[in-house]
>>> print(open('start-v3.txt').read())   # compact mmCIF, C-alpha atoms
# COMPACT_ATOMS: atom_id res chain seq x y z
CA MET A 48 20.03 -23.04 -33.28
CA LYS A 49 21.55 -20.65 -30.77
CA ARG A 50 21.22 -17.56 -32.97
CA PRO A 51 17.35 -17.47 -33.10
CA ILE A 52 17.25 -17.92 -29.31
CA LEU A 53 19.76 -15.11 -28.84
CA THR A 54 17.74 -12.90 -31.19
CA LEU A 55 14.57 -13.60 -29.20
CA VAL A 56 16.30 -12.77 -25.92
CA LEU A 57 17.65 -9.50 -27.32
CA CYS A 58 14.21 -8.56 -28.64
CA CYS A 59 12.68 -9.21 -25.22
CA LEU A 60 15.37 -7.13 -23.53
CA SER A 61 14.85 -4.29 -26.01
CA PHE A 62 11.10 -4.34 -25.39
CA ALA A 63 11.63 -4.29 -21.62
CA ALA A 64 14.01 -1.34 -21.93
CA LEU A 65 11.52 0.52 -24.12
CA ALA A 66 8.73 -0.13 -21.65
CA ALA A 67 10.89 1.15 -18.80
CA GLU A 68 11.86 4.27 -20.73
CA THR A 69 8.37 5.15 -21.92
CA GLY A 70 6.78 4.18 -18.63
CA ALA A 71 4.25 1.88 -20.29
CA GLU A 72 3.08 0.87 -16.84
CA THR A 73 3.33 2.96 -13.69
CA GLY A 74 2.80 2.37 -10.02
CA ALA A 75 0.50 4.48 -7.88
CA LEU A 76 3.07 7.30 -7.81
CA VAL A 77 5.24 8.84 -10.48
CA GLN A 78 8.13 11.24 -10.01
CA PRO A 79 8.75 14.47 -11.99
CA GLU A 80 11.54 12.80 -13.99
CA TRP A 81 9.15 10.11 -15.21
CA LEU A 82 6.64 12.72 -16.31
CA ILE A 83 9.28 14.72 -18.20
CA ARG A 84 10.28 11.59 -20.12
CA ASN A 85 6.69 10.74 -20.99
CA LEU A 86 5.26 14.13 -21.98
CA GLY A 87 3.55 13.90 -25.35
CA ARG A 88 2.53 10.25 -25.10
CA LYS A 89 -0.78 9.74 -26.92
CA ASP A 90 -2.17 7.48 -24.22
CA LEU A 91 -1.29 9.93 -21.41
CA ARG A 92 -3.83 12.27 -19.83
CA ILE A 93 -2.55 14.73 -17.22
CA LEU A 94 -5.28 16.13 -14.95
CA ASP A 95 -4.43 19.46 -13.34
CA LEU A 96 -6.22 19.90 -9.99
CA GLN A 97 -5.16 23.44 -9.16
CA SER A 98 -7.60 26.35 -9.39
CA GLN A 99 -8.77 27.57 -12.78
CA ARG A 100 -6.81 30.80 -12.23
CA GLY A 101 -3.68 28.85 -11.35
CA TYR A 102 -4.10 26.63 -14.40
CA ALA A 103 -4.38 29.70 -16.64
CA ARG A 104 -1.18 31.07 -15.12
CA ALA A 105 0.94 27.94 -15.68
CA HIS A 106 0.48 24.21 -16.09
CA ILE A 107 2.37 21.18 -17.36
CA PRO A 108 2.23 20.93 -21.17
CA GLY A 109 -0.74 18.86 -22.29
CA ALA A 110 -2.49 19.01 -18.91
CA VAL A 111 -6.26 19.48 -18.85
CA HIS A 112 -7.90 21.30 -15.95
CA THR A 113 -10.51 19.55 -13.81
CA ASP A 114 -12.52 21.13 -11.02
CA TYR A 115 -12.21 19.08 -7.82
CA GLY A 116 -15.73 20.12 -6.80
CA GLN A 117 -17.15 18.13 -9.72
CA TRP A 118 -15.80 14.92 -8.20
CA ARG A 119 -17.81 15.27 -4.97
CA ARG A 120 -21.35 16.09 -3.83
CA HIS A 121 -21.45 17.11 -0.15
CA GLY A 122 -18.53 14.79 0.45
CA ASN A 123 -20.21 11.79 -1.14
CA LEU A 124 -19.76 10.34 -4.60
CA PRO A 125 -21.94 11.96 -7.25
CA GLU A 126 -24.22 9.84 -9.43
CA VAL A 127 -22.39 7.34 -11.63
CA LYS A 128 -23.76 8.92 -14.82
CA HIS A 129 -22.33 12.29 -13.77
CA LEU A 130 -18.92 10.73 -13.15
CA GLU A 131 -18.97 8.81 -16.44
CA ALA A 132 -19.71 12.04 -18.31
CA LEU A 133 -17.03 13.91 -16.35
CA VAL A 134 -14.34 11.31 -17.00
CA GLY A 135 -15.25 10.98 -20.67
CA ALA A 136 -15.23 14.75 -21.19
CA LEU A 137 -11.64 14.79 -19.91
CA GLY A 138 -10.61 12.54 -22.78
CA ILE A 139 -10.20 9.42 -20.66
CA ALA A 140 -10.90 6.02 -22.18
CA PRO A 141 -10.22 2.58 -20.63
CA ASP A 142 -6.69 2.49 -22.09
CA THR A 143 -5.73 6.03 -20.98
CA GLN A 144 -2.93 6.45 -18.46
CA VAL A 145 -4.10 9.20 -16.10
CA ILE A 146 -1.64 11.28 -14.07
CA LEU A 147 -3.17 13.41 -11.32
CA VAL A 148 -1.35 16.66 -10.52
CA PRO A 149 -2.35 18.56 -7.38
CA PHE A 150 -0.92 22.03 -6.85
CA GLY A 151 1.51 20.64 -4.30
CA GLN A 152 1.36 23.25 -1.55
CA GLY A 153 0.63 20.72 1.20
CA ALA A 154 -1.11 17.56 2.34
CA SER A 155 -4.60 19.01 1.90
CA ASP A 156 -4.33 19.58 -1.84
CA LEU A 157 -2.46 16.27 -2.20
CA ALA A 158 -5.60 14.73 -0.71
CA GLN A 159 -7.55 16.14 -3.67
CA ALA A 160 -5.47 13.88 -5.88
CA THR A 161 -5.95 10.83 -3.64
CA ARG A 162 -9.71 11.42 -3.56
CA VAL A 163 -9.90 11.60 -7.37
CA TYR A 164 -7.59 8.57 -7.55
CA TRP A 165 -9.94 6.61 -5.25
CA THR A 166 -12.92 7.68 -7.35
CA LEU A 167 -11.32 6.49 -10.59
CA LYS A 168 -10.43 3.19 -8.95
CA TYR A 169 -14.00 2.88 -7.68
CA LEU A 170 -15.22 3.46 -11.23
CA GLY A 171 -12.98 0.62 -12.43
CA HIS A 172 -10.16 2.62 -14.04
CA ASP A 173 -6.79 1.16 -13.06
CA ARG A 174 -4.37 3.18 -15.18
CA VAL A 175 -4.02 6.10 -12.81
CA ALA A 176 -1.14 7.54 -10.78
CA ILE A 177 -0.34 10.65 -8.74
CA LEU A 178 2.56 13.01 -9.39
CA ASP A 179 4.45 12.94 -6.09
CA GLY A 180 5.08 16.51 -4.93
CA GLY A 181 2.47 17.93 -7.30
CA LEU A 182 3.06 20.94 -9.52
CA VAL A 183 5.29 22.67 -6.96
CA GLY A 184 7.47 19.57 -6.71
CA TYR A 185 7.64 19.35 -10.49
CA ALA A 186 8.77 22.99 -10.75
CA ARG A 187 11.44 22.55 -8.08
CA SER A 188 12.73 19.18 -9.27
CA GLY A 189 15.05 20.60 -11.90
CA ARG A 190 15.96 23.61 -13.99
CA ASN A 191 13.87 24.80 -16.93
CA ARG A 192 10.89 22.51 -16.39
CA PRO A 193 8.46 23.10 -19.28
CA PHE A 194 5.18 24.94 -18.59
CA GLN A 195 2.46 26.38 -20.76
CA GLN A 196 -0.42 28.82 -20.35
CA ARG A 197 -2.60 27.80 -23.29
CA ALA A 198 -5.62 25.78 -22.17
CA PHE A 199 -5.87 22.25 -23.49
CA GLN A 200 -9.13 20.40 -24.05
CA PRO A 201 -8.84 16.87 -25.46
CA PRO A 202 -11.55 15.25 -27.57
CA ALA A 203 -14.22 13.59 -25.44
CA ARG A 204 -14.05 9.82 -25.11
CA SER A 205 -16.59 7.20 -24.16
CA PHE A 206 -16.22 6.02 -20.57
CA GLU A 207 -18.31 3.32 -18.90
CA ALA A 208 -17.93 2.64 -15.19
CA HIS A 209 -17.37 -0.84 -13.80
CA LEU A 210 -17.94 -0.20 -10.12
CA ARG A 211 -15.88 -1.71 -7.33
CA PRO A 212 -18.19 -1.44 -4.30
CA ARG A 213 -15.59 -3.12 -2.09
CA LEU A 214 -13.58 0.14 -2.01
CA ARG A 215 -16.41 2.17 -0.51
CA VAL A 216 -18.28 2.01 2.80
CA THR A 217 -21.79 3.41 3.14
CA LYS A 218 -23.39 4.55 6.39
CA ALA A 219 -25.27 1.27 6.71
CA GLN A 220 -22.08 -0.69 6.10
CA MET A 221 -20.23 1.45 8.64
CA LYS A 222 -22.85 0.54 11.24
CA ARG A 223 -22.33 -3.15 10.52
CA ALA A 224 -18.56 -2.72 10.58
CA LEU A 225 -18.83 -1.10 14.00
CA GLU A 226 -20.92 -3.99 15.30
CA ALA A 227 -18.42 -6.47 13.85
CA LYS A 228 -15.53 -4.56 15.50
CA VAL A 229 -13.80 -3.87 12.18
CA PRO A 230 -10.85 -1.52 12.77
CA HIS A 231 -11.72 2.02 11.72
CA VAL A 232 -9.36 4.97 11.53
CA ASP A 233 -10.06 8.69 11.97
CA ALA A 234 -7.72 10.62 9.63
CA ARG A 235 -8.65 14.06 11.00
CA SER A 236 -6.59 16.10 13.45
CA VAL A 237 -6.13 14.86 17.01
CA ALA A 238 -8.27 17.78 18.24
CA GLU A 239 -11.18 16.69 16.05
CA TYR A 240 -10.70 13.07 17.07
CA LEU A 241 -10.77 13.94 20.78
CA GLY A 242 -13.80 16.18 20.33
CA ILE A 243 -12.15 19.42 21.48
CA ALA A 244 -12.43 21.01 18.02
CA ALA A 245 -15.89 22.39 17.44
CA ALA A 246 -18.05 20.54 14.94
CA GLY A 247 -20.11 22.58 12.51
CA GLY A 248 -23.91 22.85 12.30
CA LYS A 249 -25.77 19.82 13.62
CA GLN A 250 -22.67 17.66 13.73
CA ARG A 251 -21.69 16.42 17.17
CA ALA A 252 -18.08 16.73 18.31
CA GLY A 253 -16.05 13.55 18.63
CA THR A 254 -15.50 10.44 16.57
CA ILE A 255 -16.99 7.08 15.72
CA PRO A 256 -16.71 4.93 18.87
CA GLY A 257 -13.60 2.78 19.04
CA ALA A 258 -11.83 4.62 16.24
CA LEU A 259 -8.06 4.74 16.00
CA SER A 260 -6.37 8.06 15.22
CA LEU A 261 -3.91 8.64 12.38
CA PRO A 262 -3.82 12.28 11.22
CA TYR A 263 -3.54 12.29 7.45
CA ASP A 264 -0.83 14.95 7.28
CA TRP A 265 1.53 12.73 9.28
CA LEU A 266 1.72 10.56 6.18
CA THR A 267 3.47 13.21 4.09
CA GLU A 268 6.91 14.70 4.63
CA ASN A 269 6.36 17.51 7.15
CA GLY A 270 2.82 18.07 5.91
CA SER A 271 4.02 18.62 2.33
CA ALA A 272 2.72 17.12 -0.91
CA TRP A 273 5.45 14.47 -0.90
CA PHE A 274 4.63 11.03 0.47
CA ARG A 275 6.97 9.42 2.97
CA SER A 276 8.73 6.18 2.08
CA PRO A 277 6.66 2.98 2.45
CA ALA A 278 8.90 1.98 5.38
CA ALA A 279 8.17 5.28 7.14
CA GLU A 280 4.43 4.97 6.40
CA ALA A 281 4.41 1.46 7.87
CA ALA A 282 6.21 2.70 10.98
CA LEU A 283 3.53 5.36 11.52
CA PHE A 284 0.77 2.79 11.05
CA ARG A 285 2.38 0.57 13.68
CA TYR A 286 2.90 3.50 16.07
CA ARG A 287 -0.83 4.36 15.90
CA ARG A 288 -1.76 0.63 16.02
CA VAL A 289 -3.43 0.81 12.61
CA PRO A 290 -3.52 -2.63 10.92
CA GLU A 291 -1.37 -2.89 7.82
CA LYS A 292 -3.32 -5.90 6.58
CA GLY A 293 -6.92 -7.02 6.73
CA GLU A 294 -10.17 -5.10 6.65
CA VAL A 295 -9.90 -1.52 7.86
CA VAL A 296 -12.08 1.55 7.21
CA PHE A 297 -10.72 5.09 6.92
CA PHE A 298 -12.88 8.16 7.53
CA CYS A 299 -12.52 11.87 8.25
CA GLN A 300 -14.95 14.78 7.87
CA SER A 301 -16.10 14.18 4.29
CA GLY A 302 -13.81 11.55 2.77
CA HIS A 303 -11.19 14.06 1.62
CA ARG A 304 -8.39 13.64 4.16
CA ALA A 305 -9.18 9.97 4.72
CA SER A 306 -8.59 9.26 1.03
CA LEU A 307 -4.91 10.08 1.59
CA ALA A 308 -4.69 7.57 4.45
CA TRP A 309 -6.59 5.02 2.32
CA PHE A 310 -4.15 5.60 -0.54
CA VAL A 311 -1.18 4.90 1.72
CA ALA A 312 -2.79 1.74 3.10
CA HIS A 313 -4.20 0.36 -0.16
CA GLU A 314 -1.69 1.52 -2.75
CA LEU A 315 1.63 2.06 -0.96
CA LEU A 316 1.38 -0.65 1.72
CA GLY A 317 -0.63 -3.08 -0.40
CA ASN A 318 -3.64 -3.64 1.87
CA GLU A 319 -6.35 -4.56 -0.64
CA ALA A 320 -8.92 -4.79 2.17
CA ALA A 321 -8.62 -1.08 3.04
CA ARG A 322 -11.84 0.88 2.40
CA LEU A 323 -13.04 4.48 2.54
CA TYR A 324 -16.18 5.79 4.26
CA ASP A 325 -16.72 8.83 2.07
CA GLY A 326 -19.72 10.15 4.03
CA SER A 327 -17.55 10.23 7.16
CA MET A 328 -18.37 12.44 10.15
CA ALA A 329 -20.36 14.94 8.08
CA GLU A 330 -22.88 12.14 7.61
CA TRP A 331 -22.35 10.04 10.74
CA GLY A 332 -22.12 12.90 13.21
CA THR A 333 -25.37 14.53 12.09
CA ASP A 334 -27.47 11.36 12.55
CA PRO A 335 -28.79 11.45 16.15
CA GLY A 336 -29.46 7.71 15.98
CA LEU A 337 -25.76 6.91 15.63
CA PRO A 338 -23.23 6.89 18.48
CA VAL A 339 -20.43 9.45 18.76
CA GLU A 340 -17.56 9.21 21.22
CA GLN A 341 -16.08 12.38 22.73
CA ALA A 342 -12.92 11.72 24.74
CA VAL A 343 -12.60 15.23 26.17
CA THR A 344 -15.47 17.54 27.12
CA LEU A 345 -14.28 21.05 27.94
CA PRO A 346 -16.25 23.26 30.36
CA ARG A 347 -17.70 26.41 28.90
>>> encode(input="start-v3.txt", output="structure tokens")
Amino acid sequence: MKRPILTLVLCCLSFAALAAETGAETGALVQPEWLIRNLGRKDLRILDLQSQRGYARAHIPGAVHTDYGQWRRHGNLPEVKHLEALVGALGIAPDTQVILVPFGQGASDLAQATRVYWTLKYLGHDRVAILDGGLVGYARSGRNRPFQQRAFQPPARSFEAHLRPRLRVTKAQMKRALEAKVPHVDARSVAEYLGIAAAGGKQRAGTIPGALSLPYDWLTENGSAWFRSPAAEAALFRYRRVPEKGEVVFFCQSGHRASLAWFVAHELLGNEAARLYDGSMAEWGTDPGLPVEQAVTLPR
């Protein structure tokens, strides 16, 4: 009777080892070594977020280029039908494991990946991860990393969104959150937060009243495209008095930089109540009926 049980245990162990080797499931981040091991998987779709010119020069084998501008409309989410068509045209189906690859020059282009990640999560697609360090980190992670120049376009797939409204905050919801004293975090620079950096056009300088400040580039190693450890991220959250648990709203200028702070809170620190106000100050600061707080007013 012991032999069948032993056989079952060995089979389970073999399956677990295979899953670990092939990376059947990933977390929110993958490292270059994981990607090298999993290149060529049929269920894997690598999205290259660098410029079209950069993609033509060199990209990871099997990566398909996607234009970051198609994922946003004036900072806000585009129409759902547009996003469904965009995702489907990239060869992404519900069972596709998506790996997002920013160029990797710094925190700003890493935020492109976190914004697309947030969008896919909002659309209901869970099998998505970001390549920590981006393309630059991949190239520097070891000798003779494979690259290709030939463009790759996968067959289109059918993609239907299953929206998760809890991840997103609209302007009306932001007003209610302000009245309810929900913690809200400005992920822009300290100068923008204080109101000493000039706002563009009709936008007023300053921030949403009562906002906490946590500059998004603090959350990467020296402003690079590598995330800090979860322990280091948590320490920065505590230093800036940003809640690690419970409802909290992240915003910036147009939901780009704040998506990186949201990613750290929601995905790396496990705060499922973290949300993103994608309209951010570009929307809030241009509405004269909404309050703006300017901590420092400089004489002209």
>>> residues_around(input="start-v3.txt", residues="Gln78 in chain A", least_positions_apart="3", cutoff="6 Å", atoms="only C-alpha atoms", output="list in words")
Trp81, Leu178 and Asp179 of chain A
>>> atom_distance(input="start-v3.txt", atom1="CA of Leu323 in chain A", atom2="CA of Arg215 in chain A")
5.1 Å
>>> closest_atom_pairs(input="start-v3.txt", of="range 171-245 of chain A", to="range 277-289 of chain A", cutoff="10 Å", atoms="only C-alpha atoms", output="tab-separated table")
residue	atom	partner	partner_atom	distance
A:Pro230	CA	A:Val289	CA	7.8
A:His231	CA	A:Val289	CA	8.4
A:Val232	CA	A:Val289	CA	7.3
>>> write_last_selection(input="start-v3.txt", atoms="C-alpha atoms", output="PDB file, keeping the file's coordinate frame")
ATOM      1  CA  PRO A 230     -10.850  -1.520  12.770  1.00  0.00           C
ATOM      2  CA  HIS A 231     -11.720   2.020  11.720  1.00  0.00           C
ATOM      3  CA  VAL A 232      -9.360   4.970  11.530  1.00  0.00           C
TER       4      VAL A 232
END
>>> closest_residue(input="start-v3.txt", among="A:Val295, A:Leu225, A:Pro125, A:Gly74", to="Asn318 in chain A", atoms="all atoms listed in the file")
A:Val295
>>> residues_around(input="start-v3.txt", residues="Gln220 in chain A", least_positions_apart="4", cutoff="12 Å", atoms="only C-alpha atoms", output="short mmCIF file (atom, residue, chain, number, x, y, z; two decimals) with C-alpha atoms, in the coordinates of the input")
data_model
loop_
_atom_site.label_atom_id
_atom_site.label_comp_id
_atom_site.auth_asym_id
_atom_site.auth_seq_id
_atom_site.Cartn_x
_atom_site.Cartn_y
_atom_site.Cartn_z
CA PRO A 212 -18.19 -1.44 -4.30
CA ARG A 213 -15.59 -3.12 -2.09
CA LEU A 214 -13.58 0.14 -2.01
CA ARG A 215 -16.41 2.17 -0.51
CA VAL A 216 -18.28 2.01 2.80
CA ALA A 224 -18.56 -2.72 10.58
CA LEU A 225 -18.83 -1.10 14.00
CA GLU A 226 -20.92 -3.99 15.30
CA ALA A 227 -18.42 -6.47 13.85
CA VAL A 229 -13.80 -3.87 12.18
CA VAL A 296 -12.08 1.55 7.21
CA ARG A 322 -11.84 0.88 2.40
CA LEU A 323 -13.04 4.48 2.54
CA TYR A 324 -16.18 5.79 4.26
CA ASP A 325 -16.72 8.83 2.07
CA GLY A 326 -19.72 10.15 4.03
CA SER A 327 -17.55 10.23 7.16
CA TRP A 331 -22.35 10.04 10.74
#
>>> closest_residue(input="start-v3.txt", among="A:Val311, A:Ala320, A:Gly293, A:Ile107", to="Arg197 in chain A", atoms="all atoms listed in the file")
A:Ile107
>>> residues_near_point(input="start-v3.txt", point="(-12.0, 15.6, -5.7)", cutoff="10 Å", atoms="all atoms listed in the file", output="count of residues only")
24
>>> closest_residue(input="start-v3.txt", among="A:Ala140, A:Ala272, A:Ala219, A:Ala238", to="Glu330 in chain A", atoms="only C-alpha atoms")
A:Ala219
>>> closest_residue(input="start-v3.txt", among="A:Pro262, A:Gly135, A:Gly189, A:Gly248", to="His172 in chain A", atoms="all atoms listed in the file")
A:Gly135
>>> closest_residue(input="start-v3.txt", among="A:Gly101, A:Gly317, A:Gly87, A:Gly151", to="Ile177 in chain A", atoms="all atoms listed in the file")
A:Gly151
>>> closest_residue(input="start-v3.txt", among="A:Leu316, A:Ala103, A:Ile243, A:Ala154", to="Phe194 in chain A", atoms="all atoms listed in the file")
A:Ala103
>>> atom_distance(input="start-v3.txt", atom1="CA of Ala198 in chain A", atom2="CA of Leu94 in chain A")
12.1 Å
>>> atom_distance(input="start-v3.txt", atom1="CA of Pro256 in chain A", atom2="CA of Asn123 in chain A")
21.4 Å
>>> residues_around(input="start-v3.txt", residues="Ala246 in chain A", least_positions_apart="3", cutoff="10 Å", atoms="only C-alpha atoms", output="list in words")
Glu239, Gly242, Ile243, Lys249, Gln250, Arg251, Ala252, Gly253, Gln300, Met328, Ala329, Gly332 and Thr333 of chain A
>>> write_last_selection(input="start-v3.txt", atoms="C-alpha atoms", output="mmCIF file, in the coordinates of the input")
data_model
loop_
_atom_site.group_PDB
_atom_site.id
_atom_site.type_symbol
_atom_site.label_atom_id
_atom_site.label_comp_id
_atom_site.auth_asym_id
_atom_site.auth_seq_id
_atom_site.Cartn_x
_atom_site.Cartn_y
_atom_site.Cartn_z
ATOM 1 C CA GLU A 239 -11.180 16.690 16.050
ATOM 2 C CA GLY A 242 -13.800 16.180 20.330
ATOM 3 C CA ILE A 243 -12.150 19.420 21.480
ATOM 4 C CA LYS A 249 -25.770 19.820 13.620
ATOM 5 C CA GLN A 250 -22.670 17.660 13.730
ATOM 6 C CA ARG A 251 -21.690 16.420 17.170
ATOM 7 C CA ALA A 252 -18.080 16.730 18.310
ATOM 8 C CA GLY A 253 -16.050 13.550 18.630
ATOM 9 C CA GLN A 300 -14.950 14.780 7.870
ATOM 10 C CA MET A 328 -18.370 12.440 10.150
ATOM 11 C CA ALA A 329 -20.360 14.940 8.080
ATOM 12 C CA GLY A 332 -22.120 12.900 13.210
ATOM 13 C CA THR A 333 -25.370 14.530 12.090
#
>>> residues_around(input="start-v3.txt", residues="Gln144 in chain A", least_positions_apart="6", cutoff="10 Å", atoms="only C-alpha atoms", output="PyMOL selection string")
chain A and resi 70-73+88-93+172-176
>>> write_last_selection(input="start-v3.txt", atoms="C-alpha atoms", output="tab-separated table (two decimals), in the frame of the given file")
chain	number	residue	atom	x	y	z
A	70	GLY	CA	6.78	4.18	-18.63
A	71	ALA	CA	4.25	1.88	-20.29
A	72	GLU	CA	3.08	0.87	-16.84
A	73	THR	CA	3.33	2.96	-13.69
A	88	ARG	CA	2.53	10.25	-25.10
A	89	LYS	CA	-0.78	9.74	-26.92
A	90	ASP	CA	-2.17	7.48	-24.22
A	91	LEU	CA	-1.29	9.93	-21.41
A	92	ARG	CA	-3.83	12.27	-19.83
A	93	ILE	CA	-2.55	14.73	-17.22
A	172	HIS	CA	-10.16	2.62	-14.04
A	173	ASP	CA	-6.79	1.16	-13.06
A	174	ARG	CA	-4.37	3.18	-15.18
A	175	VAL	CA	-4.02	6.10	-12.81
A	176	ALA	CA	-1.14	7.54	-10.78
>>> decode(input="start-v3.txt", residues="range 87-112 of chain A", atoms="N, CA and C atoms", output="tab-separated table (two decimals), in the first residue's frame")
chain	number	residue	atom	x	y	z
A	87	GLY	N	9.95	31.55	-25.16
A	87	GLY	CA	9.42	30.52	-26.06
A	87	GLY	C	8.16	29.84	-25.57
A	88	ARG	N	7.75	30.11	-24.32
A	88	ARG	CA	6.51	29.52	-23.83
A	88	ARG	C	5.32	29.99	-24.66
A	89	LYS	N	4.44	29.08	-25.04
A	89	LYS	CA	3.32	29.43	-25.90
A	89	LYS	C	2.32	30.36	-25.22
A	90	ASP	N	2.23	30.27	-23.89
A	90	ASP	CA	1.26	31.10	-23.19
A	90	ASP	C	1.85	32.43	-22.74
A	91	LEU	N	3.08	32.73	-23.16
A	91	LEU	CA	3.78	33.94	-22.72
A	91	LEU	C	3.68	35.03	-23.78
A	92	ARG	N	3.33	36.25	-23.35
A	92	ARG	CA	3.32	37.39	-24.26
A	92	ARG	C	4.15	38.50	-23.62
A	93	ILE	N	5.26	38.85	-24.26
A	93	ILE	CA	6.15	39.90	-23.77
A	93	ILE	C	5.78	41.19	-24.50
A	94	LEU	N	5.44	42.23	-23.72
A	94	LEU	CA	5.09	43.53	-24.30
A	94	LEU	C	6.24	44.50	-24.10
A	95	ASP	N	6.81	44.96	-25.20
A	95	ASP	CA	7.94	45.88	-25.19
A	95	ASP	C	7.40	47.31	-25.21
A	96	LEU	N	7.75	48.11	-24.19
A	96	LEU	CA	7.22	49.46	-24.04
A	96	LEU	C	8.19	50.55	-24.46
A	97	GLN	N	9.33	50.18	-25.03
A	97	GLN	CA	10.25	51.21	-25.49
A	97	GLN	C	9.71	51.85	-26.77
A	98	SER	N	10.41	52.84	-27.30
A	98	SER	CA	9.96	53.50	-28.52
A	98	SER	C	9.99	52.53	-29.69
A	99	GLN	N	9.27	52.87	-30.75
A	99	GLN	CA	9.26	52.02	-31.94
A	99	GLN	C	10.67	51.91	-32.52
A	100	ARG	N	11.41	53.02	-32.50
A	100	ARG	CA	12.79	53.00	-33.02
A	100	ARG	C	13.67	52.10	-32.17
A	101	GLY	N	13.51	52.18	-30.85
A	101	GLY	CA	14.29	51.33	-29.96
A	101	GLY	C	13.95	49.86	-30.15
A	102	TYR	N	12.67	49.58	-30.33
A	102	TYR	CA	12.23	48.19	-30.57
A	102	TYR	C	12.85	47.63	-31.84
A	103	ALA	N	12.89	48.47	-32.89
A	103	ALA	CA	13.48	48.02	-34.16
A	103	ALA	C	14.98	47.78	-34.02
A	104	ARG	N	15.61	48.48	-33.09
A	104	ARG	CA	17.05	48.32	-32.90
A	104	ARG	C	17.38	47.02	-32.17
A	105	ALA	N	16.61	46.72	-31.11
A	105	ALA	CA	16.85	45.48	-30.35
A	105	ALA	C	15.73	45.28	-29.34
A	106	HIS	N	15.26	44.03	-29.27
A	106	HIS	CA	14.26	43.69	-28.27
A	106	HIS	C	14.42	42.22	-27.88
A	107	ILE	N	13.77	41.84	-26.80
A	107	ILE	CA	13.83	40.46	-26.32
A	107	ILE	C	13.12	39.56	-27.33
A	108	PRO	N	13.69	38.40	-27.65
A	108	PRO	CA	13.05	37.51	-28.63
A	108	PRO	C	11.59	37.21	-28.28
A	109	GLY	N	10.73	37.37	-29.28
A	109	GLY	CA	9.30	37.09	-29.08
A	109	GLY	C	8.51	38.25	-28.52
A	110	ALA	N	9.17	39.39	-28.25
A	110	ALA	CA	8.45	40.54	-27.70
A	110	ALA	C	7.70	41.27	-28.80
A	111	VAL	N	6.52	41.76	-28.47
A	111	VAL	CA	5.72	42.55	-29.40
A	111	VAL	C	5.70	43.99	-28.90
A	112	HIS	N	5.84	44.94	-29.81
A	112	HIS	CA	5.87	46.34	-29.40
A	112	HIS	C	4.46	46.86	-29.14
